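Data from query-v2.txt: compact mmCIF, C-alpha atoms
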```txt
# COMPACT_ATOMS: atom_id res chain seq x y z
CA MET A 576 -6.33 -19.93 9.72
CA TYR A 577 -4.26 -17.14 8.24
CA SER A 578 -2.15 -14.82 10.36
CA THR A 579 -1.65 -12.18 7.66
CA VAL A 580 -3.56 -10.89 4.67
CA LEU A 581 -0.60 -11.92 2.50
CA GLN A 582 -1.09 -15.59 3.37
CA CYS A 583 -4.70 -15.30 2.25
CA LEU A 584 -3.66 -13.61 -1.00
CA GLU A 585 -1.01 -16.23 -1.74
CA GLU A 586 -3.37 -19.15 -1.19
CA THR A 587 -6.08 -17.50 -3.28
CA ALA A 588 -3.59 -16.81 -6.10
CA LEU A 589 -2.48 -20.45 -5.96
CA ASN A 590 -6.05 -21.78 -6.11
CA PHE A 591 -7.57 -19.19 -8.48
CA PRO A 592 -4.69 -17.60 -10.42
CA ASN A 593 -6.78 -16.34 -13.34
CA LYS A 594 -9.83 -15.19 -11.42
CA ILE A 595 -10.28 -11.40 -11.33
CA ALA A 596 -9.18 -9.97 -7.97
CA PHE A 597 -9.92 -6.29 -8.63
CA ALA A 598 -11.31 -4.33 -11.54
CA ASP A 599 -12.41 -0.84 -12.45
CA ILE A 600 -13.78 0.59 -15.69
CA LYS A 601 -10.30 0.75 -17.27
CA GLU A 602 -8.47 -2.39 -16.14
CA SER A 603 -8.54 -5.54 -14.07
CA PHE A 604 -6.04 -7.73 -12.24
CA SER A 605 -6.19 -11.47 -11.69
CA PHE A 606 -5.03 -12.86 -8.36
CA SER A 607 -1.74 -14.01 -9.89
CA GLU A 608 -1.16 -10.54 -11.40
CA LEU A 609 -2.02 -8.88 -8.10
CA LEU A 610 0.40 -11.17 -6.25
CA ASN A 611 3.20 -10.55 -8.75
CA ASN A 612 2.67 -6.77 -8.80
CA ALA A 613 2.52 -6.55 -5.01
CA LYS A 614 5.76 -8.51 -4.68
CA LYS A 615 7.49 -6.21 -7.19
CA ILE A 616 6.36 -3.10 -5.34
CA GLY A 617 7.19 -4.70 -2.00
CA SER A 618 10.70 -5.49 -3.22
CA PHE A 619 11.14 -1.90 -4.37
CA ILE A 620 9.96 -0.49 -1.04
CA SER A 621 11.97 -2.96 1.07
CA LYS A 622 15.22 -1.71 -0.46
CA ARG A 623 14.44 1.84 0.69
CA VAL A 624 12.31 1.62 3.84
CA LYS A 625 12.55 -0.36 7.07
CA PRO A 626 9.55 -2.47 8.12
CA HIS A 627 6.70 -1.06 10.23
CA GLN A 628 6.81 2.34 8.53
CA PRO A 629 3.87 4.18 6.96
CA ILE A 630 3.67 4.21 3.16
CA VAL A 631 1.24 6.75 1.76
CA VAL A 632 -0.51 5.73 -1.44
CA TYR A 633 -1.52 9.03 -3.03
CA MET A 634 -3.46 8.08 -6.13
CA ASP A 635 -6.84 8.20 -7.80
CA LYS A 636 -9.20 5.46 -6.67
CA ARG A 637 -8.38 2.68 -9.13
CA ALA A 638 -7.97 -1.09 -9.12
CA TYR A 639 -4.18 -0.76 -9.29
CA ASN A 640 -4.14 0.94 -5.88
CA ILE A 641 -4.46 -2.54 -4.39
CA ASN A 642 -1.09 -3.45 -5.95
CA ALA A 643 0.52 -0.54 -4.09
CA PHE A 644 -1.34 -1.27 -0.84
CA LEU A 645 -0.22 -4.90 -0.78
CA GLY A 646 3.26 -3.95 -1.99
CA ALA A 647 3.66 -1.84 1.14
CA VAL A 648 2.54 -4.82 3.20
CA TYR A 649 5.04 -7.15 1.49
CA ALA A 650 7.75 -4.69 2.51
CA GLY A 651 6.63 -5.17 6.13
CA CYS A 652 5.10 -1.70 6.23
CA PHE A 653 1.54 -0.46 6.49
CA TYR A 654 -0.26 1.62 3.89
CA VAL A 655 -2.23 4.81 4.22
CA PRO A 656 -4.62 5.59 1.35
CA VAL A 657 -4.78 9.29 0.50
CA ASP A 658 -7.38 10.20 -2.09
CA SER A 659 -6.28 12.50 -4.88
CA GLN A 660 -9.51 14.48 -4.39
CA MET A 661 -8.59 15.56 -0.84
CA PRO A 662 -7.67 19.21 -0.34
CA ALA A 663 -3.90 19.82 -0.06
CA GLU A 664 -4.32 21.27 3.44
CA ARG A 665 -5.93 18.05 4.70
CA ILE A 666 -3.29 15.90 3.00
CA ASN A 667 -0.52 17.93 4.60
CA MET A 668 -2.13 17.51 8.06
CA ILE A 669 -2.14 13.74 7.50
CA LEU A 670 1.50 13.80 6.39
CA GLU A 671 2.49 15.86 9.44
CA THR A 672 0.83 13.30 11.70
CA LEU A 673 2.36 10.29 9.93
CA ASN A 674 5.75 11.47 8.74
CA PRO A 675 5.63 8.71 6.09
CA SER A 676 8.73 6.95 4.88
CA MET A 677 7.48 7.03 1.29
CA ILE A 678 4.69 8.44 -0.84
CA ILE A 679 3.68 6.45 -3.92
CA TYR A 680 1.90 8.54 -6.53
CA ASP A 681 0.47 7.93 -9.99
CA ALA A 682 0.00 9.90 -13.21
CA THR A 683 -3.10 11.67 -11.87
CA THR A 684 -1.38 12.91 -8.72
CA LYS A 685 1.96 13.67 -10.38
CA LYS A 686 0.92 17.26 -11.07
CA SER A 687 0.26 17.94 -7.37
CA ILE A 688 2.96 15.82 -5.72
CA ASP A 689 5.26 18.83 -5.24
CA LEU A 690 2.62 20.49 -3.05
CA LEU A 691 3.28 17.81 -0.43
CA GLY A 692 6.62 19.14 0.74
CA GLU A 693 10.23 18.34 0.02
CA ARG A 694 11.06 16.17 3.01
CA TYR A 695 9.17 13.07 1.90
CA SER A 696 10.52 10.36 -0.37
CA LYS A 697 8.21 10.31 -3.42
CA VAL A 698 8.09 7.40 -5.83
CA TYR A 699 6.16 7.06 -9.05
CA TYR A 700 3.94 3.94 -9.07
CA GLY A 701 5.28 2.79 -12.45
CA ASP A 702 8.87 2.90 -11.18
CA ALA A 703 8.01 0.74 -8.17
CA LEU A 704 6.08 -1.68 -10.39
CA ALA A 705 9.10 -2.08 -12.68
CA ALA A 706 11.25 -3.54 -9.88
CA ASP A 707 12.45 -7.11 -9.87
CA ILE A 708 11.06 -9.38 -7.17
CA ASP A 709 13.58 -9.94 -4.37
CA VAL A 710 12.36 -13.27 -2.98
CA GLU A 711 15.03 -13.41 -0.27
CA SER A 712 14.22 -9.98 1.10
CA LEU A 713 10.48 -10.60 1.09
CA GLU A 714 10.90 -13.95 2.86
CA ARG A 715 13.16 -12.39 5.49
CA ILE A 716 10.55 -9.71 6.19
CA ARG A 717 7.74 -12.29 6.38
CA LYS A 718 9.54 -14.25 9.10
CA PHE A 719 8.85 -11.38 11.48
CA SER A 720 5.27 -10.64 10.38
CA LYS A 721 2.45 -11.27 12.82
CA SER A 722 -1.30 -10.93 12.87
CA THR A 723 -1.22 -7.88 15.12
CA ASP A 724 0.99 -5.88 12.72
CA LEU A 725 -0.64 -2.81 11.24
CA LEU A 726 -2.11 -3.39 7.80
CA TYR A 727 -3.34 0.14 7.15
CA VAL A 728 -4.32 3.43 8.71
CA LEU A 729 -7.43 5.20 7.52
CA PHE A 730 -7.79 8.88 8.27
CA THR A 731 -11.22 10.26 9.11
CA SER A 732 -12.16 13.88 9.63
CA GLY A 733 -13.92 13.45 12.96
CA SER A 734 -16.12 16.11 14.49
CA THR A 735 -13.32 18.71 14.62
CA GLY A 736 -12.34 18.51 10.96
CA ILE A 737 -8.80 17.50 11.98
CA PRO A 738 -7.79 14.15 10.44
CA LYS A 739 -7.51 11.27 12.89
CA GLY A 740 -5.96 7.93 12.01
CA VAL A 741 -7.79 4.67 12.68
CA THR A 742 -5.38 1.74 12.79
CA ILE A 743 -6.35 -1.65 11.36
CA SER A 744 -4.30 -4.82 11.87
CA HIS A 745 -4.10 -7.93 9.70
CA LEU A 746 -6.11 -9.83 12.32
CA SER A 747 -8.90 -7.25 12.27
CA VAL A 748 -9.33 -7.65 8.51
CA LEU A 749 -9.08 -11.44 8.64
CA ASP A 750 -11.63 -11.63 11.45
CA PHE A 751 -13.98 -9.35 9.54
```
Do you think you could lay out the structure here as structure tokens?
Amino acid sequence: MYSTVLQCLEETALNFPNKIAFADIKESFSFSELLNNAKKIGSFISKRVKPHQPIVVYMDKRAYNINAFLGAVYAGCFYVPVDSQMPAERINMILETLNPSMIIYDATTKKSIDLLGERYSKVYYGDALAADIDVESLERIRKFSKSTDLLYVLFTSGSTGIPKGVTISHLSVLDF
């Protein structure tokens, strides 16, 4: 039995390295590519953010989002997907609630990233993906990972229209 989603990913990448993990109409990633990309992004984040912090992934819905999501998890953090189609007012309410340690954005959200305030650390996806894997750092972080750690927070509008975060742990996803 796995205690984290990362254990599941690593075993799957070992057993099926060339099998497609995620795809969209423009690109696809095998499990080995996903693992490698997530570790690169995780290494990048871990040098800048302490574990257990929220990392907002502010990008179009694409297959490569999963690289950023799992990169945040490799850094010992949890991710918060923020759709590029959301109104700026709603995004800013989410950011106020979270006070994220980092916002990862892509080429499609680059034009609107400045609307999200100056106080947040903003990192271009391609820059994080270009990082070298820091095996030592990632292993050190993993020693303290547990099944009850947050994996992600999903914001819903609720009946009031004010975004509310629903927290999901590794164990919840693995049990599902």
Surrounding residues of A:Tyr654 excluding itself and chain neighbours under 5 positions, 6 Å, all atoms listed in the file, as a ChimeraX atom specification
/A:629-631,644,647,727
Could you tell me how far atom CA of A:Ile743 sits from atom CA of A:Met668, in Å to one decimal place?
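Distance reported for this atom pair: 19.9 Å.
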For A:Ala588, which residue out of A:Leu726, A:Met576, A:Val624, A:Leu610 is the nearest one, using all atoms listed in the file?
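Distance minimum relative to A:Ala588 lands on A:Leu610.
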Which of these residues is nearest to A:Ser687, using only C-alpha atoms: A:Ile641, A:Val655, A:Tyr633, A:Lys594?
A:Tyr633
Residue contacts of A:Asp709 (8 Å, all atoms listed in the file) excluding same-chain residues fewer than 4 positions away, as a PyMOL selection string
chain A and resi 614-615+618+713
Please, what distance in Å, to one decimal, runs between atom CA of A:Val748 and atom CA of A:Asn674?
24.4 Å
Need the shell around A:Lys685: protein/DNA/RNA residues with any atom at most 9 Å away, counting only C-alpha atoms. Skip same-chain ones fewer than 4 positions apart. Format as a list in words?
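The contact residues come out as Met634, Tyr680, Asp681, Asp689 and Tyr699 of chain A.
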Sel. within 12 Å of pt (2.5, 16.1, 1.0), counting all atoms listed in the file, output as a PDB file with C-alpha atoms, in the coordinates of the input:
```
ATOM      1  CA  VAL A 631       1.240   6.750   1.760  1.00  0.00           C
ATOM      2  CA  VAL A 632      -0.510   5.730  -1.440  1.00  0.00           C
ATOM      3  CA  TYR A 633      -1.520   9.030  -3.030  1.00  0.00           C
ATOM      4  CA  VAL A 657      -4.780   9.290   0.500  1.00  0.00           C
ATOM      5  CA  ASP A 658      -7.380  10.200  -2.090  1.00  0.00           C
ATOM      6  CA  SER A 659      -6.280  12.500  -4.880  1.00  0.00           C
ATOM      7  CA  MET A 661      -8.590  15.560  -0.840  1.00  0.00           C
ATOM      8  CA  PRO A 662      -7.670  19.210  -0.340  1.00  0.00           C
ATOM      9  CA  ALA A 663      -3.900  19.820  -0.060  1.00  0.00           C
ATOM     10  CA  GLU A 664      -4.320  21.270   3.440  1.00  0.00           C
ATOM     11  CA  ARG A 665      -5.930  18.050   4.700  1.00  0.00           C
ATOM     12  CA  ILE A 666      -3.290  15.900   3.000  1.00  0.00           C
ATOM     13  CA  ASN A 667      -0.520  17.930   4.600  1.00  0.00           C
ATOM     14  CA  MET A 668      -2.130  17.510   8.060  1.00  0.00           C
ATOM     15  CA  ILE A 669      -2.140  13.740   7.500  1.00  0.00           C
ATOM     16  CA  LEU A 670       1.500  13.800   6.390  1.00  0.00           C
ATOM     17  CA  GLU A 671       2.490  15.860   9.440  1.00  0.00           C
ATOM     18  CA  THR A 672       0.830  13.300  11.700  1.00  0.00           C
ATOM     19  CA  LEU A 673       2.360  10.290   9.930  1.00  0.00           C
ATOM     20  CA  ASN A 674       5.750  11.470   8.740  1.00  0.00           C
ATOM     21  CA  PRO A 675       5.630   8.710   6.090  1.00  0.00           C
ATOM     22  CA  SER A 676       8.730   6.950   4.880  1.00  0.00           C
ATOM     23  CA  MET A 677       7.480   7.030   1.290  1.00  0.00           C
ATOM     24  CA  ILE A 678       4.690   8.440  -0.840  1.00  0.00           C
ATOM     25  CA  ILE A 679       3.680   6.450  -3.920  1.00  0.00           C
ATOM     26  CA  TYR A 680       1.900   8.540  -6.530  1.00  0.00           C
ATOM     27  CA  THR A 684      -1.380  12.910  -8.720  1.00  0.00           C
ATOM     28  CA  LYS A 685       1.960  13.670 -10.380  1.00  0.00           C
ATOM     29  CA  SER A 687       0.260  17.940  -7.370  1.00  0.00           C
ATOM     30  CA  ILE A 688       2.960  15.820  -5.720  1.00  0.00           C
ATOM     31  CA  ASP A 689       5.260  18.830  -5.240  1.00  0.00           C
ATOM     32  CA  LEU A 690       2.620  20.490  -3.050  1.00  0.00           C
ATOM     33  CA  LEU A 691       3.280  17.810  -0.430  1.00  0.00           C
ATOM     34  CA  GLY A 692       6.620  19.140   0.740  1.00  0.00           C
ATOM     35  CA  GLU A 693      10.230  18.340   0.020  1.00  0.00           C
ATOM     36  CA  ARG A 694      11.060  16.170   3.010  1.00  0.00           C
ATOM     37  CA  TYR A 695       9.170  13.070   1.900  1.00  0.00           C
ATOM     38  CA  SER A 696      10.520  10.360  -0.370  1.00  0.00           C
ATOM     39  CA  LYS A 697       8.210  10.310  -3.420  1.00  0.00           C
TER      40      LYS A 697
END
```
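One distance worth recording is that between atom CA of A:Ile708 and atom CA of A:Leu729, which is 27.8 Å.
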Which residues, written as a PyMOL selection string, have at least one atom at most 12 Å from A:Cys583, with all atoms listed in the file counted and residues fewer than 6 positions away on the same chain left out?
chain A and resi 576-577+589-591+606+610+645+722+745-746+748-749
Near-A:Arg637 list (9 Å; all atoms listed in the file; drop same-chain fewer than 4 positions) as a count of residues only
6
To test the calculation: enclose all listed atoms of stretch 587-605 of chain A in a box whose edges run along x, y and z, add 4 Å on each side, then state centre and edge lengths in Å to one decimal, as AutoDock Vina command-line options.
```
--center_x -8.1 --center_y -10.5 --center_z -10.3 --size_x 19.3 --size_y 30.5 --size_z 22.0
```
Test item: which residues lie within 10 Å of (-1.7, -10.0, -8.5) counting all atoms listed in the file, as a VMD selection string:
chain A and resid 584 to 585 588 592 to 593 595 to 597 603 to 614 639 641 to 642 645
